[in-house]
Structure formats: C-alpha cells, structure tokens
>>> print(open('structure08.pdb').read())   # PDB, C-alpha atoms, pLDDT in the B column
MODEL        1
ATOM      1  CA  MET C1483     138.323 184.685 -32.190  1.00 72.00           C
ATOM      2  CA  LYS C1484     140.933 183.713 -29.641  1.00 86.00           C
ATOM      3  CA  GLU C1485     140.884 185.520 -26.317  1.00 88.00           C
ATOM      4  CA  THR C1486     144.440 186.818 -26.808  1.00 91.00           C
ATOM      5  CA  ARG C1487     143.507 188.510 -30.063  1.00 93.00           C
ATOM      6  CA  LEU C1488     140.399 190.039 -28.497  1.00 94.00           C
ATOM      7  CA  LYS C1489     142.585 191.380 -25.686  1.00 94.00           C
ATOM      8  CA  ILE C1490     145.191 192.800 -28.065  1.00 95.00           C
ATOM      9  CA  LEU C1491     142.370 194.531 -29.965  1.00 96.00           C
ATOM     10  CA  GLN C1492     141.250 195.930 -26.606  1.00 96.00           C
ATOM     11  CA  TYR C1493     144.751 197.414 -26.130  1.00 96.00           C
ATOM     12  CA  ILE C1494     144.874 198.819 -29.683  1.00 97.00           C
ATOM     13  CA  THR C1495     141.413 200.405 -29.433  1.00 97.00           C
ATOM     14  CA  GLY C1496     142.315 201.770 -25.998  1.00 97.00           C
ATOM     15  CA  ILE C1497     145.420 203.508 -27.384  1.00 96.00           C
ATOM     16  CA  GLY C1498     143.383 204.809 -30.327  1.00 97.00           C
ATOM     17  CA  LEU C1499     140.683 206.122 -27.987  1.00 96.00           C
ATOM     18  CA  PHE C1500     143.288 207.993 -25.965  1.00 96.00           C
ATOM     19  CA  PHE C1501     143.891 210.151 -29.051  1.00 95.00           C
ATOM     20  CA  PHE C1502     140.424 210.180 -30.676  1.00 95.00           C
ATOM     21  CA  ALA C1503     138.347 210.645 -27.526  1.00 94.00           C
ATOM     22  CA  GLY C1504     140.997 212.972 -26.100  1.00 93.00           C
ATOM     23  CA  THR C1505     140.714 215.218 -29.184  1.00 92.00           C
ATOM     24  CA  HIS C1506     136.908 215.106 -29.038  1.00 92.00           C
ATOM     25  CA  LEU C1507     136.811 215.956 -25.324  1.00 90.00           C
ATOM     26  CA  ILE C1508     139.302 218.814 -25.618  1.00 88.00           C
ATOM     27  CA  VAL C1509     137.519 220.375 -28.611  1.00 87.00           C
ATOM     28  CA  SER C1510     133.926 219.800 -27.475  1.00 82.00           C
ATOM     29  CA  HIS C1511     134.182 220.141 -23.700  1.00 77.00           C
ATOM     30  CA  LEU C1512     137.320 222.095 -22.794  1.00 77.00           C
ATOM     31  CA  SER C1513     137.679 224.658 -25.567  1.00 73.00           C
ATOM     32  CA  SER C1514     136.891 228.273 -24.699  1.00 70.00           C
ATOM     33  CA  GLY C1515     134.567 228.826 -27.699  1.00 76.00           C
ATOM     34  CA  GLU C1516     130.995 227.633 -28.198  1.00 81.00           C
ATOM     35  CA  PRO C1517     131.559 224.095 -29.521  1.00 84.00           C
ATOM     36  CA  THR C1518     127.965 222.926 -29.066  1.00 84.00           C
ATOM     37  CA  THR C1519     126.163 225.680 -30.986  1.00 88.00           C
ATOM     38  CA  TRP C1520     124.403 224.654 -34.203  1.00 89.00           C
ATOM     39  CA  GLU C1521     126.931 226.638 -36.284  1.00 89.00           C
ATOM     40  CA  SER C1522     129.923 224.911 -34.661  1.00 88.00           C
ATOM     41  CA  VAL C1523     128.362 221.459 -34.920  1.00 88.00           C
ATOM     42  CA  SER C1524     127.360 222.036 -38.552  1.00 88.00           C
ATOM     43  CA  GLY C1525     130.845 223.334 -39.344  1.00 88.00           C
ATOM     44  CA  ARG C1526     132.473 220.183 -37.961  1.00 88.00           C
ATOM     45  CA  ALA C1527     129.873 217.984 -39.675  1.00 87.00           C
ATOM     46  CA  ALA C1528     130.887 219.386 -43.074  1.00 90.00           C
ATOM     47  CA  SER C1529     134.513 218.405 -42.547  1.00 91.00           C
ATOM     48  CA  ALA C1530     135.780 215.064 -43.872  1.00 93.00           C
ATOM     49  CA  GLY C1531     138.466 215.057 -41.183  1.00 93.00           C
ATOM     50  CA  TRP C1532     135.944 215.367 -38.345  1.00 92.00           C
ATOM     51  CA  LEU C1533     133.679 212.750 -39.947  1.00 94.00           C
ATOM     52  CA  THR C1534     136.618 210.324 -40.111  1.00 95.00           C
ATOM     53  CA  LEU C1535     137.502 211.071 -36.483  1.00 94.00           C
ATOM     54  CA  TYR C1536     133.904 210.518 -35.316  1.00 94.00           C
ATOM     55  CA  LEU C1537     133.604 207.213 -37.177  1.00 96.00           C
ATOM     56  CA  LEU C1538     136.938 205.963 -35.832  1.00 96.00           C
ATOM     57  CA  LEU C1539     135.943 207.110 -32.347  1.00 96.00           C
ATOM     58  CA  LEU C1540     132.668 205.229 -32.699  1.00 96.00           C
ATOM     59  CA  ILE C1541     134.246 201.988 -33.943  1.00 97.00           C
ATOM     60  CA  PHE C1542     137.053 202.007 -31.382  1.00 97.00           C
ATOM     61  CA  GLY C1543     134.727 203.116 -28.575  1.00 97.00           C
ATOM     62  CA  LEU C1544     132.115 200.483 -29.300  1.00 97.00           C
ATOM     63  CA  TYR C1545     134.646 197.647 -29.447  1.00 97.00           C
ATOM     64  CA  HIS C1546     136.502 198.817 -26.344  1.00 97.00           C
ATOM     65  CA  GLY C1547     133.340 199.439 -24.345  1.00 97.00           C
ATOM     66  CA  LEU C1548     131.486 196.282 -25.295  1.00 97.00           C
ATOM     67  CA  HIS C1549     134.550 194.048 -24.903  1.00 96.00           C
ATOM     68  CA  GLY C1550     135.196 195.617 -21.500  1.00 96.00           C
ATOM     69  CA  LEU C1551     131.587 194.946 -20.528  1.00 96.00           C
ATOM     70  CA  ARG C1552     131.936 191.345 -21.750  1.00 95.00           C
ATOM     71  CA  THR C1553     135.058 190.881 -19.613  1.00 94.00           C
ATOM     72  CA  ILE C1554     133.184 192.048 -16.520  1.00 93.00           C
ATOM     73  CA  ILE C1555     130.098 189.930 -17.233  1.00 93.00           C
ATOM     74  CA  LEU C1556     132.119 186.771 -17.943  1.00 90.00           C
ATOM     75  CA  GLU C1557     133.673 186.922 -14.488  1.00 87.00           C
ATOM     76  CA  PHE C1558     130.329 185.765 -13.134  1.00 85.00           C
ATOM     77  CA  SER C1559     130.816 182.240 -14.495  1.00 81.00           C
ATOM     78  CA  PHE C1560     128.237 181.382 -17.102  1.00 84.00           C
ATOM     79  CA  PRO C1561     127.774 178.072 -18.944  1.00 85.00           C
ATOM     80  CA  ASN C1562     129.257 177.861 -22.427  1.00 86.00           C
ATOM     81  CA  TYR C1563     125.987 178.359 -24.307  1.00 90.00           C
ATOM     82  CA  ALA C1564     125.299 181.558 -22.315  1.00 91.00           C
ATOM     83  CA  VAL C1565     128.743 182.880 -23.265  1.00 91.00           C
ATOM     84  CA  ARG C1566     127.941 182.309 -26.947  1.00 92.00           C
ATOM     85  CA  VAL C1567     124.583 184.039 -26.551  1.00 95.00           C
ATOM     86  CA  LEU C1568     126.297 186.966 -24.810  1.00 95.00           C
ATOM     87  CA  ASP C1569     128.940 187.220 -27.561  1.00 95.00           C
ATOM     88  CA  TRP C1570     126.335 187.324 -30.322  1.00 96.00           C
ATOM     89  CA  ALA C1571     124.119 189.712 -28.374  1.00 97.00           C
ATOM     90  CA  LEU C1572     127.033 192.126 -27.969  1.00 97.00           C
ATOM     91  CA  VAL C1573     127.897 191.855 -31.674  1.00 97.00           C
ATOM     92  CA  VAL C1574     124.280 192.622 -32.647  1.00 98.00           C
ATOM     93  CA  ILE C1575     124.057 195.497 -30.133  1.00 97.00           C
ATOM     94  CA  GLY C1576     127.378 196.880 -31.402  1.00 97.00           C
ATOM     95  CA  ILE C1577     126.293 196.785 -35.048  1.00 97.00           C
ATOM     96  CA  ALA C1578     122.900 198.339 -34.217  1.00 97.00           C
ATOM     97  CA  ILE C1579     124.478 201.186 -32.228  1.00 96.00           C
ATOM     98  CA  PHE C1580     127.063 201.725 -34.951  1.00 96.00           C
ATOM     99  CA  GLY C1581     124.330 201.945 -37.607  1.00 96.00           C
ATOM    100  CA  TYR C1582     122.342 204.488 -35.600  1.00 95.00           C
ATOM    101  CA  ALA C1583     125.288 206.555 -34.377  1.00 95.00           C
ATOM    102  CA  ALA C1584     127.147 206.591 -37.714  1.00 95.00           C
ATOM    103  CA  TYR C1585     124.020 207.692 -39.586  1.00 94.00           C
ATOM    104  CA  ILE C1586     123.918 211.011 -37.684  1.00 92.00           C
ATOM    105  CA  PRO C1587     127.282 212.458 -38.829  1.00 90.00           C
ATOM    106  CA  ILE C1588     127.113 210.780 -42.261  1.00 91.00           C
ATOM    107  CA  SER C1589     123.666 212.258 -42.973  1.00 89.00           C
ATOM    108  CA  ALA C1590     124.934 215.688 -41.918  1.00 84.00           C
ATOM    109  CA  PHE C1591     128.092 215.532 -44.086  1.00 82.00           C
TER
ATOM    110  CA  MET E 145     152.173 183.035 -25.342  1.00 44.00           C
ATOM    111  CA  GLU E 146     148.924 182.803 -27.238  1.00 45.00           C
ATOM    112  CA  THR E 147     145.915 181.325 -25.509  1.00 47.00           C
ATOM    113  CA  GLU E 148     144.847 178.288 -27.511  1.00 48.00           C
ATOM    114  CA  VAL E 149     141.498 177.801 -25.829  1.00 48.00           C
ATOM    115  CA  ALA E 150     138.515 179.822 -26.996  1.00 50.00           C
ATOM    116  CA  SER E 151     136.378 181.367 -24.262  1.00 51.00           C
ATOM    117  CA  SER E 152     133.483 179.029 -24.988  1.00 50.00           C
ATOM    118  CA  GLU E 153     135.672 175.970 -24.288  1.00 56.00           C
ATOM    119  CA  LYS E 154     137.107 177.193 -21.010  1.00 58.00           C
ATOM    120  CA  PRO E 155     136.029 175.406 -17.860  1.00 59.00           C
ATOM    121  CA  HIS E 156     134.066 177.867 -15.746  1.00 64.00           C
ATOM    122  CA  LEU E 157     134.573 177.955 -12.020  1.00 71.00           C
ATOM    123  CA  PRO E 158     132.032 179.545  -9.698  1.00 78.00           C
ATOM    124  CA  ASN E 159     132.676 183.186  -8.838  1.00 80.00           C
ATOM    125  CA  ARG E 160     131.811 182.978  -5.157  1.00 80.00           C
ATOM    126  CA  LEU E 161     132.595 186.580  -4.243  1.00 82.00           C
ATOM    127  CA  GLY E 162     130.774 188.294  -7.113  1.00 82.00           C
ATOM    128  CA  VAL E 163     130.820 192.097  -7.163  1.00 82.00           C
ATOM    129  CA  LYS E 164     131.804 192.096  -3.478  1.00 84.00           C
ATOM    130  CA  GLY E 165     135.174 190.720  -4.544  1.00 84.00           C
ATOM    131  CA  TRP E 166     135.878 193.948  -6.442  1.00 84.00           C
ATOM    132  CA  VAL E 167     136.169 195.737  -3.115  1.00 81.00           C
ATOM    133  CA  TRP E 168     137.121 193.240  -0.455  1.00 81.00           C
ATOM    134  CA  ALA E 169     138.489 189.716  -0.228  1.00 79.00           C
ATOM    135  CA  GLY E 170     141.148 190.228   2.387  1.00 81.00           C
ATOM    136  CA  ARG E 171     143.905 192.779   2.149  1.00 83.00           C
ATOM    137  CA  TYR E 172     144.125 194.233  -1.350  1.00 85.00           C
ATOM    138  CA  THR E 173     147.012 196.221  -2.773  1.00 86.00           C
ATOM    139  CA  LEU E 174     146.768 199.728  -4.203  1.00 88.00           C
ATOM    140  CA  GLU E 175     146.784 198.287  -7.731  1.00 88.00           C
ATOM    141  CA  ARG E 176     143.796 196.105  -6.924  1.00 89.00           C
ATOM    142  CA  TYR E 177     141.758 199.143  -5.908  1.00 91.00           C
ATOM    143  CA  LEU E 178     142.872 200.886  -9.101  1.00 93.00           C
ATOM    144  CA  TYR E 179     141.552 197.836 -10.950  1.00 92.00           C
ATOM    145  CA  THR E 180     138.165 198.318  -9.280  1.00 93.00           C
ATOM    146  CA  LEU E 181     138.192 202.027 -10.096  1.00 95.00           C
ATOM    147  CA  HIS E 182     139.166 201.187 -13.692  1.00 96.00           C
ATOM    148  CA  ARG E 183     136.019 199.080 -13.980  1.00 95.00           C
ATOM    149  CA  LEU E 184     133.774 201.645 -12.346  1.00 96.00           C
ATOM    150  CA  THR E 185     135.073 204.459 -14.562  1.00 97.00           C
ATOM    151  CA  GLY E 186     134.745 202.188 -17.604  1.00 97.00           C
ATOM    152  CA  LEU E 187     131.111 201.390 -16.802  1.00 97.00           C
ATOM    153  CA  GLY E 188     130.428 205.057 -16.084  1.00 97.00           C
ATOM    154  CA  LEU E 189     131.969 206.139 -19.379  1.00 97.00           C
ATOM    155  CA  LEU E 190     129.996 203.458 -21.220  1.00 96.00           C
ATOM    156  CA  LEU E 191     126.757 204.768 -19.692  1.00 96.00           C
ATOM    157  CA  TYR E 192     127.713 208.327 -20.611  1.00 95.00           C
ATOM    158  CA  VAL E 193     128.513 207.318 -24.211  1.00 95.00           C
ATOM    159  CA  ALA E 194     125.095 205.638 -24.496  1.00 95.00           C
ATOM    160  CA  LEU E 195     123.362 208.828 -23.274  1.00 94.00           C
ATOM    161  CA  HIS E 196     125.620 210.987 -25.475  1.00 93.00           C
ATOM    162  CA  LEU E 197     124.762 208.978 -28.591  1.00 94.00           C
ATOM    163  CA  GLY E 198     121.076 209.217 -27.684  1.00 93.00           C
ATOM    164  CA  ALA E 199     121.369 213.001 -27.317  1.00 92.00           C
ATOM    165  CA  ASN E 200     123.181 213.206 -30.667  1.00 92.00           C
ATOM    166  CA  GLY E 201     119.933 212.003 -32.230  1.00 92.00           C
ATOM    167  CA  PHE E 202     118.437 215.464 -31.640  1.00 93.00           C
ATOM    168  CA  ARG E 203     120.718 216.654 -34.415  1.00 91.00           C
ATOM    169  CA  LEU E 204     118.524 214.829 -36.917  1.00 90.00           C
ATOM    170  CA  GLY E 205     115.620 217.092 -35.945  1.00 90.00           C
ATOM    171  CA  GLY E 206     117.378 220.229 -37.203  1.00 90.00           C
ATOM    172  CA  GLU E 207     118.611 223.403 -35.534  1.00 91.00           C
ATOM    173  CA  GLU E 208     115.628 223.996 -33.258  1.00 92.00           C
ATOM    174  CA  SER E 209     115.636 220.451 -31.904  1.00 93.00           C
ATOM    175  CA  TRP E 210     119.408 220.534 -31.334  1.00 93.00           C
ATOM    176  CA  THR E 211     119.403 223.926 -29.635  1.00 92.00           C
ATOM    177  CA  SER E 212     116.581 222.996 -27.279  1.00 93.00           C
ATOM    178  CA  ALA E 213     118.391 219.763 -26.325  1.00 92.00           C
ATOM    179  CA  ILE E 214     121.636 221.649 -25.642  1.00 91.00           C
ATOM    180  CA  ASP E 215     119.729 224.266 -23.607  1.00 91.00           C
ATOM    181  CA  PHE E 216     118.148 221.479 -21.570  1.00 91.00           C
ATOM    182  CA  LEU E 217     121.546 219.857 -20.908  1.00 89.00           C
ATOM    183  CA  THR E 218     123.355 223.106 -20.078  1.00 88.00           C
ATOM    184  CA  ASN E 219     122.879 223.417 -16.328  1.00 91.00           C
ATOM    185  CA  PRO E 220     125.034 223.050 -13.185  1.00 91.00           C
ATOM    186  CA  PHE E 221     124.240 219.327 -12.860  1.00 92.00           C
ATOM    187  CA  GLY E 222     125.235 218.799 -16.497  1.00 90.00           C
ATOM    188  CA  ARG E 223     128.526 220.607 -15.880  1.00 90.00           C
ATOM    189  CA  VAL E 224     129.272 218.388 -12.861  1.00 93.00           C
ATOM    190  CA  VAL E 225     128.561 215.270 -14.933  1.00 93.00           C
ATOM    191  CA  GLU E 226     130.756 216.665 -17.733  1.00 91.00           C
ATOM    192  CA  TYR E 227     133.603 217.238 -15.269  1.00 93.00           C
ATOM    193  CA  LEU E 228     133.246 213.745 -13.798  1.00 95.00           C
ATOM    194  CA  VAL E 229     133.347 212.282 -17.319  1.00 95.00           C
ATOM    195  CA  MET E 230     136.547 214.202 -18.113  1.00 94.00           C
ATOM    196  CA  ALA E 231     138.155 213.101 -14.829  1.00 95.00           C
ATOM    197  CA  ALA E 232     137.019 209.492 -15.352  1.00 96.00           C
ATOM    198  CA  PHE E 233     138.436 209.543 -18.884  1.00 96.00           C
ATOM    199  CA  ALA E 234     141.793 210.861 -17.604  1.00 96.00           C
ATOM    200  CA  PHE E 235     141.953 208.109 -14.968  1.00 97.00           C
ATOM    201  CA  HIS E 236     140.762 205.324 -17.277  1.00 97.00           C
ATOM    202  CA  ALA E 237     143.176 206.319 -20.067  1.00 97.00           C
ATOM    203  CA  LEU E 238     146.279 206.674 -17.890  1.00 96.00           C
ATOM    204  CA  ASN E 239     145.549 203.607 -15.769  1.00 96.00           C
ATOM    205  CA  GLY E 240     144.826 201.679 -18.966  1.00 96.00           C
ATOM    206  CA  GLY E 241     148.223 202.754 -20.311  1.00 95.00           C
ATOM    207  CA  ARG E 242     149.853 201.497 -17.112  1.00 93.00           C
ATOM    208  CA  LEU E 243     148.002 198.169 -17.418  1.00 93.00           C
ATOM    209  CA  ILE E 244     149.105 197.738 -21.033  1.00 94.00           C
ATOM    210  CA  LEU E 245     152.737 198.388 -20.072  1.00 91.00           C
ATOM    211  CA  GLN E 246     152.452 195.911 -17.187  1.00 89.00           C
ATOM    212  CA  HIS E 247     150.652 193.202 -19.115  1.00 89.00           C
ATOM    213  CA  LEU E 248     153.228 193.358 -21.887  1.00 89.00           C
ATOM    214  CA  GLY E 249     156.030 193.100 -19.328  1.00 86.00           C
ATOM    215  CA  TYR E 250     157.660 196.508 -19.874  1.00 87.00           C
ATOM    216  CA  THR E 251     157.577 197.462 -16.207  1.00 84.00           C
ATOM    217  CA  LEU E 252     159.167 194.329 -14.768  1.00 79.00           C
ATOM    218  CA  GLY E 253     162.687 195.748 -14.743  1.00 76.00           C
ATOM    219  CA  LYS E 254     165.908 193.809 -14.973  1.00 77.00           C
ATOM    220  CA  PRO E 255     166.191 190.480 -13.126  1.00 77.00           C
ATOM    221  CA  LYS E 256     167.997 190.753  -9.784  1.00 77.00           C
ATOM    222  CA  PRO E 257     169.558 188.106  -7.550  1.00 81.00           C
ATOM    223  CA  PRO E 258     167.197 187.065  -4.748  1.00 82.00           C
ATOM    224  CA  ILE E 259     168.976 188.792  -1.842  1.00 84.00           C
ATOM    225  CA  TYR E 260     167.042 189.528   1.337  1.00 86.00           C
ATOM    226  CA  PRO E 261     165.003 191.745   1.742  1.00 81.00           C
ATOM    227  CA  TYR E 262     163.318 190.581  -1.447  1.00 81.00           C
ATOM    228  CA  VAL E 263     161.613 193.105  -3.680  1.00 77.00           C
ATOM    229  CA  ASP E 264     158.682 191.650  -5.574  1.00 76.00           C
ATOM    230  CA  SER E 265     157.665 192.800  -9.027  1.00 75.00           C
ATOM    231  CA  MET E 266     154.601 194.631  -7.703  1.00 73.00           C
ATOM    232  CA  ARG E 267     156.744 196.894  -5.508  1.00 76.00           C
ATOM    233  CA  ARG E 268     159.151 197.529  -8.373  1.00 78.00           C
ATOM    234  CA  ARG E 269     156.203 198.801 -10.409  1.00 82.00           C
ATOM    235  CA  ARG E 270     154.849 200.928  -7.578  1.00 87.00           C
ATOM    236  CA  LEU E 271     156.808 204.034  -8.628  1.00 87.00           C
ATOM    237  CA  LEU E 272     155.025 204.032 -11.993  1.00 89.00           C
ATOM    238  CA  THR E 273     151.701 203.770 -10.166  1.00 91.00           C
ATOM    239  CA  TRP E 274     152.478 206.785  -7.969  1.00 93.00           C
ATOM    240  CA  VAL E 275     153.677 208.834 -10.953  1.00 94.00           C
ATOM    241  CA  MET E 276     150.486 207.949 -12.822  1.00 94.00           C
ATOM    242  CA  LEU E 277     148.316 208.919  -9.847  1.00 95.00           C
ATOM    243  CA  ALA E 278     150.166 212.245  -9.520  1.00 97.00           C
ATOM    244  CA  VAL E 279     149.537 212.997 -13.215  1.00 96.00           C
ATOM    245  CA  ILE E 280     145.836 212.079 -12.839  1.00 96.00           C
ATOM    246  CA  VAL E 281     145.412 214.360  -9.812  1.00 96.00           C
ATOM    247  CA  ALA E 282     147.192 217.195 -11.662  1.00 97.00           C
ATOM    248  CA  LEU E 283     144.959 216.676 -14.708  1.00 94.00           C
ATOM    249  CA  ALA E 284     141.801 216.530 -12.577  1.00 94.00           C
ATOM    250  CA  ILE E 285     142.740 219.826 -10.914  1.00 95.00           C
ATOM    251  CA  TYR E 286     143.600 221.415 -14.270  1.00 93.00           C
ATOM    252  CA  ILE E 287     140.271 220.337 -15.795  1.00 92.00           C
ATOM    253  CA  LEU E 288     138.410 221.600 -12.709  1.00 92.00           C
ATOM    254  CA  VAL E 289     140.099 225.002 -12.986  1.00 91.00           C
ATOM    255  CA  GLU E 290     139.231 225.128 -16.704  1.00 87.00           C
ATOM    256  CA  PHE E 291     135.601 224.303 -15.904  1.00 84.00           C
ATOM    257  CA  VAL E 292     135.286 226.797 -13.064  1.00 84.00           C
ATOM    258  CA  THR E 293     136.974 229.657 -14.903  1.00 81.00           C
TER
ENDMDL
END
>>> encode(input="structure08.pdb", output="structure tokens")
Amino acid sequence: MKETRLKILQYITGIGLFFFAGTHLIVSHLSSGEPTTWESVSGRAASAGWLTLYLLLLIFGLYHGLHGLRTIILEFSFPNYAVRVLDWALVVIGIAIFGYAAYIPISAF
Amino acid sequence: METEVASSEKPHLPNRLGVKGWVWAGRYTLERYLYTLHRLTGLGLLLYVALHLGANGFRLGGEESWTSAIDFLTNPFGRVVEYLVMAAFAFHALNGGRLILQHLGYTLGKPKPPIYPYVDSMRRRRLLTWVMLAVIVALAIYILVEFVT
C-alpha cells in the first residue's frame, strides 16, 4: 500500500481512537462506580454494543499503534529487504494479537 | 499530492543522529519537542496496551482468576500508572489532532504579503499549540483531582 494511504489510515484510526478509547477510559478508569468488578465486566461483556466498541477499539488501536511503531523504526534507515521483513512481521504480530485479544470478549459474549 | 513511491523503493539515507536527534540537534522549536513527547507517549501507550491485553487474559480463567488479578493490580503504584496513562492519552490525542490539522493544511491561515517583519507559518500556528497545551494541562489537573478524590 502507498505510504500516503497508510498515513491517512493512521489519521482515521487516530480520530476513531479518540472516541473509542476515550469512552473506554472514562467508563473503566474515571467512573465513580466499580467498573472492574466481575459483575460489571460480565455485564459489559453481555452487551453487543460494548463488544462492538471493544472490537473497533482493538482494530483501530492495533493499526494505529503498529503503524506508529513502524514509522519510528523506519527512521533508522534499513535496507529495502529489512523494511519488507518488518512490514510482514508487524502484520503477523497484529493478526496474532487481534486473534488473542478478540477471543476474550467474543468468548464472554 | 499522493506519494507514488512505495516505502520499499525509497532510497534510504543514513540516520546519523538516531534517537539523540529526538531531543537535540541544535535549537529545536516547541513543536519539535511536542513531536518527541508525542512519540514517547505513543510508545508508552503501546506498552500499556500490550500489558492491558495480557491482563485481560485472566478473564478467561473465570471470576476467581479475574478478581485476584484486579486485586493484585489495585495498589498505589497501579493508580499512578493509570493516571499517567490517562494523561498520556489526553496529550497524544490532542497533539495528534493538532498534527492532523497541520498536515492537512487547515492551520496555515490566509496568504499575506511578505512585509517585514515576516511571520512564518510556524509562528502563525503557535496560538493553536498554546491553546492545545492549556487544554491538556486543564485535563491533566481534572483527571488528577478525579483520581485523588
């Protein structure tokens, strides 16, 4: 994919994360209740809305984070074959993390 | 304009400064230090997300496993880390918004005739930077108060 498109996806996922991660942080870390108790977590896990939010947060977060990491790494001037290896490694890592992390809320739904 | 060259075909020049260049290569502007902080907060958030996803795995072990993990993580050090994550997120999100606006050219302002003393585009954008920093400081204080109370 062209670098411009990758960068535009970085912007789009960043804007999405502002809302998704912002909602997650406010509900799970700033709310006055007990958001981390088993009852609260199970309650959210049974909701299709929360499941959708978690999956979107995961997809957007993984792309944004791994592309950001790639941008930093590529500043250190690697030969072309190393860039291709890095790209594929990040894709594989991203898919593996997505599989593991998505299984948790899906299995609880 | 769209970049026609894929990353793998770009000529690569040596990065002589390396990580040191994030902090110092002569006199940097405020925005350049924000760029460094953007990277540091991004890497910090990425590390936190990795640990968070790992901790989420305790959910698979059932209520007892989850509760013991949460009990282990609920301590003063955990609260400090949680606060730093919230503050880093606030900075990274707002600075990222500023970068998007700048990269897409929305903060350039109208063209002006070049009359001395010249005002470069970076100084024209400076107001936005200060407003953003004020909002971040206000948010960081608000989150701190919420955490303490």
>>> resolve_selection(input="structure08.pdb", expression="the PyMOL selection byres ((chain C and resi 1504) around 12)", output="MDAnalysis selection string")
(chainID C and resid 1496:1503 1505:1512 1535:1536 1539 1543) or (chainID E and resid 229:234 236:238)
>>> closest_residue(input="structure08.pdb", among="C:Ile1577, C:Leu1572, C:Ser1514, C:Ala1530", to="chain E", atoms="all atoms listed in the file")
C:Ser1514
>>> closest_residue(input="structure08.pdb", among="E:Ile244, E:Val224, E:Leu272, E:Val279", to="E:Val292", atoms="all atoms listed in the file")
E:Val224
>>> resolve_selection(input="structure08.pdb", expression="the PyMOL selection byres ((chain C and resi 1579) around 10)", output="ChimeraX atom specification")
/C:1540-1541,1544,1573-1578,1580-1585 /E:194,197-198
>>> resolve_selection(input="structure08.pdb", expression="the PyMOL selection byres ((chain E and resi 273-276) around 10)", output="number ranges by chain")
E: 174-175, 178, 235, 238-239, 241-243, 266-272, 277-282
>>> closest_atom_pairs(input="structure08.pdb", of="chain C", to="chain E", cutoff="6 Å", atoms="only C-alpha atoms", output="Markdown table")
| residue | atom | partner | partner_atom | distance |
| --- | --- | --- | --- | --- |
| C:Lys1484 | CA | E:Ala150 | CA | 5.3 |
| C:Thr1486 | CA | E:Thr147 | CA | 5.8 |
| C:Phe1558 | CA | E:Asn159 | CA | 5.5 |
| C:Ser1559 | CA | E:His156 | CA | 5.6 |
| C:Asn1562 | CA | E:Ser152 | CA | 5.1 |
>>> atom_distance(input="structure08.pdb", atom1="atom CA of C:Tyr1545", atom2="atom CA of C:Gln1492")
7.4 Å
>>> atom_distance(input="structure08.pdb", atom1="atom CA of E:Ser212", atom2="atom CA of C:Trp1520")
10.6 Å
>>> closest_residue(input="structure08.pdb", among="E:Leu283, E:Gly253, E:Ile259, E:Thr180", to="E:Lys164", atoms="all atoms listed in the file")
E:Thr180
>>> atom_distance(input="structure08.pdb", atom1="atom CA of E:Thr251", atom2="atom CA of E:Asp264")
12.2 Å
>>> axis_aligned_box(input="structure08.pdb", around="stretch 185-200 of chain E", padding_each_side="5 Å", output="AutoDock Vina command-line options")
--center_x 128.1 --center_y 207.3 --center_z -22.6 --size_x 24.0 --size_y 21.8 --size_z 26.1
>>> residues_near_point(input="structure08.pdb", point="(130.3, 220.5, -37.1)", cutoff="12 Å", atoms="only C-alpha atoms", output="list in words")
His1506, Val1509, Ser1510, Glu1516, Pro1517, Thr1518, Thr1519, Trp1520, Glu1521, Ser1522, Val1523, Ser1524, Gly1525, Arg1526, Ala1527, Ala1528, Ser1529, Ala1530, Gly1531, Trp1532, Leu1533, Leu1535, Tyr1536, Ile1586, Pro1587, Ile1588, Ala1590 and Phe1591 of chain C; Arg203 of chain E
